[in-house]
Amino acid sequence: MTNRTRRMPRLLSILLAMAATPLAYAFDPFVVRDIRVEGIQRTEAGTVFGYLPVKVGERFTEEQATQAVRALYGTGFFRDVRIEVENDVVVVIVDERPAIAAISFNGMREFESANVLKSLAEVGFAEARIFDRALLDRAVQELKRQYLARGKYSVEIVPTITPLERNRVGITFDIFEGDVARIAGIKIIGAKAIRESELLDLLQLTTPGWLTWYTKADQYSRQKLQGDIETLRSYYMNRGYLEFNVDSPQVTISPDRKDIFITLSITEGDKYSVSDVKLAGDLLGLDDELNKLITVKPGETFSAEKVNASSKAITDYLGKLGYAFSNVNATPQVDREKKTAAITFFVDPNRRVYVRRVNIGGNTRTRDVVIRREMRQLESAWYDAGKIQLSRDRIDRLGYFQNINIETPPVPGTPDQIDVNVNVQEKPTGMINLGAGFSSTDKVVLSAGISQDNIFGSGTTAGLELNTGKTYRTIAISQTNPYFTQDGISRSTSLYYRTLRPLSINTGDYRIKTMGASLTFGVPFTETQRVFFGTALEANDIDIYDSSPQRFIDYVNTFGARSNAVIFSVGWSNDRRDSALAPTRGTYQRAAGETSLFGDLRYYKASYQHQYYWPITRSMTLALNGQVDYGKGFGGRPYPLLKNVYAGGIGSVRGFDGGSLGPRDSKNGDSLGGAKRVIANAELLLPFPGTQQDRTLRWFLFADAGNVYADEENINLGQLRYSAGIGLSWQSPIGPLKISFGKALNAKPQDRTQSFQFQIGTGF
């Protein structure tokens, strides 16, 4: 009787471990009549069939059986695999591993569950995956790693496994987070030439202080420590210590896991000076030009900062000539006996390349042409790093984009071509202007308006402005085309009707109604400078009442309530900021003048504004703003009251009521504005914690000064009002937002102060 005709089952039991060889009972090959799978609960039978090297009607051998068991074990789905053969039927019996049905956390407050689940999935531990003890241990270690990165060294994590139906398990992590471990002490051993206290002031990590609750600088981080080590290295290298070295830092934690102690052992070495500076390599005949870019001079103390700056300057210069992949390496040759170093700048310009294409991406609303017309790097032209940077700045100054990123990848398969990929992230360009303030006299003061930039993605500003504030009411239809001609000449037109009432802080009443139309052209003279020419026709009416300020009554009685004017204007602007949304460096200048030579008004007005942005650190910017306005009447006429300027509030001198500074009416003490104005502002801009993705959200410390002077007065800087405070700025979806809390420092008895102010739709 053969194996095929016997009813007695023949058992093949093959048990595999990670490195074990399967054991098999010998059997004679046979033709498979059927295949059955037993023991599966979640796994599809087709999955098992897919790993079997045999099908019904095919010949089955002992080697194939061994191969099948190996393959099924290799899936990781099963804890045990057996193959039984009964009457030419192959029976695959499996014991499934449980699957993870759900993962939950108890006591976790430091992290969002969704983010933690994502990180656990990266180490192979996730819902619907096969449960494995080794993976569970890895998941616990990943959780601990995340808590340790936050400085919580006393965290305790206990996993609980709950069996569920259909061979599944639920995993619950019970977490006791504990307190954040603080840096209790930092020591620097080996500092001789420079005081330890001076070095400690350089470190980002520090012991607890009055501001560390905000900066988190007293929480240990390996990345921060590495950054501090590099800071120390740079500090010494910039002072001539070429052989400075930091040994492996020692980080210890107290037994209660609440205090961390850091010890840095350093070797200062000797101080070196520069003995010689020279260029080597392929200089392209530009020896004189490249030598002028080197700021390191013989006889000076060695400075790594100067050496790196010189290398970068040479690289940038070559980049402007089309050498996009140039390399400049500075190598010091050290003479330890003389304590000197000879520096050689090895220049490798590599190959000169040109731009194949300029690709625009990320713009879903703005048309490509709006971005392309700001590009100064042209296609099929030599690569110019300076023009690419200028292009980026010009695109940023449009104010349409949250972020601009430019990449220059080489073209595959070509040695001398690159593409310029411009990727933008658009921001809402519609703006709702809202303003409010609070004072003890007026409570809440509100105003509103609406406008639209970049209409239909064309780069054109057009819209209907409706301002319904209590003091100013405006209806204006305006349109600005920045590229009225292909040469970049802009054209702005507007029709407007304005009503000006007294500030809410005043007791007198009057109305100034202005109806007009204007046309202005802007002509670009350089990449950053533009000159404006314009004209406007205006009709003005002044309504006075018994309670009106005496100055308005006298003006109307002398010159009449109605006045028409033809106004000519000229202006100039120079915008060298790196961004219109959140500038960190550069300057902005604006000068403007207007005069009325025909009609009932005879006056001229000139103004000048200068802004300066200085990056103190990578994340901290000092912003300075100054503005002067000067107006004067001529032809026997005073400066018209309806052209007065005002100061006080956001945009001028915070901490004082909006428009409240300057001359007052002799009749009721109302604020009237003036013909002359001086404004000065300083802001220290800092990033808002946890908002690395939005560079426009910043908080700031500010100091303001300014005042307004009447037509007959001279500007007197001794009468300036001062204020200081703290604030927040943000390019919100509905427009630029500024919030300030200021303190008037030298308010006079007649001044009106206002501590809290906010404005949506205002600039610096």
# chains A, B, ... in the order shown; residues from 1 in each chain; ligands from 1

call {"tool": "residues_around", "arguments": {"residues": "Arg618 of chain A", "least_positions_apart": "2", "cutoff": "10 Å", "atoms": "only C-alpha atoms", "output": "ChimeraX atom specification"}}
result
/A:584,615-616,620-621,686

call {"tool": "residues_around", "arguments": {"residues": "Ala191 of chain A", "least_positions_apart": "4", "cutoff": "7 Å", "atoms": "only C-alpha atoms", "output": "PyMOL selection string"}}
result
chain A and resi 195-196+266+268

call {"tool": "write_last_selection", "arguments": {"atoms": "C-alpha atoms", "output": "CSV table (one decimal), in the first residue's frame"}}
result
chain,number,residue,atom,x,y,z
A,195,ARG,CA,36.8,84.5,31.5
A,196,GLU,CA,34.4,81.6,32.1
A,266,ILE,CA,38.1,72.9,26.6
A,268,GLU,CA,42.3,76.9,24.2

call {"tool": "residues_around", "arguments": {"residues": "Ile715 of chain A", "least_positions_apart": "4", "cutoff": "9 Å", "atoms": "only C-alpha atoms", "output": "list in words"}}
result
Lys676, Arg677, Val678, Asn707, Val708, Tyr709, Ala710 and Gln719 of chain A

call {"tool": "residues_around", "arguments": {"residues": "Asp256 of chain A", "least_positions_apart": "6", "cutoff": "12 Å", "atoms": "only C-alpha atoms", "output": "PyMOL selection string"}}
result
chain A and resi 152-155+178-182

call {"tool": "residues_around", "arguments": {"residues": "Arg150 of chain A", "least_positions_apart": "5", "cutoff": "12 Å", "atoms": "only C-alpha atoms", "output": "ChimeraX atom specification"}}
result
/A:110-111,143-145,155,177-182,216-224

call {"tool": "closest_residue", "arguments": {"among": "A:Arg257, A:Arg698, A:Arg576, A:Lys312", "to": "Trp730 of chain A", "atoms": "only C-alpha atoms"}}
result
A:Arg698

call {"tool": "closest_residue", "arguments": {"among": "A:Leu737, A:Ala561, A:Leu642, A:Leu390", "to": "Thr499 of chain A", "atoms": "only C-alpha atoms"}}
result
A:Leu642

call {"tool": "select_by_dssp", "arguments": {"residues": "segment 497-614 of chain A", "states": "helix (DSSP H, G or I)", "output": "ChimeraX atom specification"}}
result
/A:550-559

call {"tool": "closest_residue", "arguments": {"among": "A:Val334, A:Val91, A:Leu135, A:Val422", "to": "Ile388 of chain A", "atoms": "only C-alpha atoms"}}
result
A:Val422

call {"tool": "residues_around", "arguments": {"residues": "Leu72 of chain A", "least_positions_apart": "4", "cutoff": "12 Å", "atoms": "only C-alpha atoms", "output": "list in words"}}
result
Ile14, Leu15, Leu16, Thr43, Thr47, Val48, Phe49, Gly50, Tyr51, Leu52, Pro53, Ala65, Thr66, Gln67, Ala68, Gly76, Phe77, Phe78, Arg79, Asp80, Val81, Arg82, Ile83, Val92, Ile93, Val94, Asp95 and Glu96 of chain A

call {"tool": "residues_around", "arguments": {"residues": "segment 158-160 of chain A", "least_positions_apart": "4", "cutoff": "6 Å", "atoms": "only C-alpha atoms", "output": "list in words"}}
result
Ile171, Thr172, Phe173 and Asp174 of chain A

call {"tool": "closest_residue", "arguments": {"among": "A:Leu500, A:Ala101, A:Val347, A:Ile229", "to": "Gly170 of chain A", "atoms": "only C-alpha atoms"}}
result
A:Ala101

call {"tool": "closest_residue", "arguments": {"among": "A:Ala680, A:Arg372, A:Trp572, A:Ile739", "to": "Gln611 of chain A", "atoms": "only C-alpha atoms"}}
result
A:Ala680

call {"tool": "closest_residue", "arguments": {"among": "A:Val54, A:Ile189, A:Ile294, A:Val89", "to": "Asp247 of chain A", "atoms": "only C-alpha atoms"}}
result
A:Ile189

call {"tool": "atom_distance", "arguments": {"atom1": "atom CA of Asp541 of chain A", "atom2": "atom CA of Arg511 of chain A"}}
result
7.9 Å

call {"tool": "select_by_dssp", "arguments": {"residues": "segment 547-678 of chain A", "states": "strand (DSSP E or B)", "output": "NGL selection string"}}
result
:A and (562-575 or 586-599 or 603-615 or 621-633 or 645 or 655-656 or 664 or 671 or 674 or 676-678)

call {"tool": "atom_distance", "arguments": {"atom1": "atom CA of Ile512 of chain A", "atom2": "atom CA of Gly659 of chain A"}}
result
16.1 Å
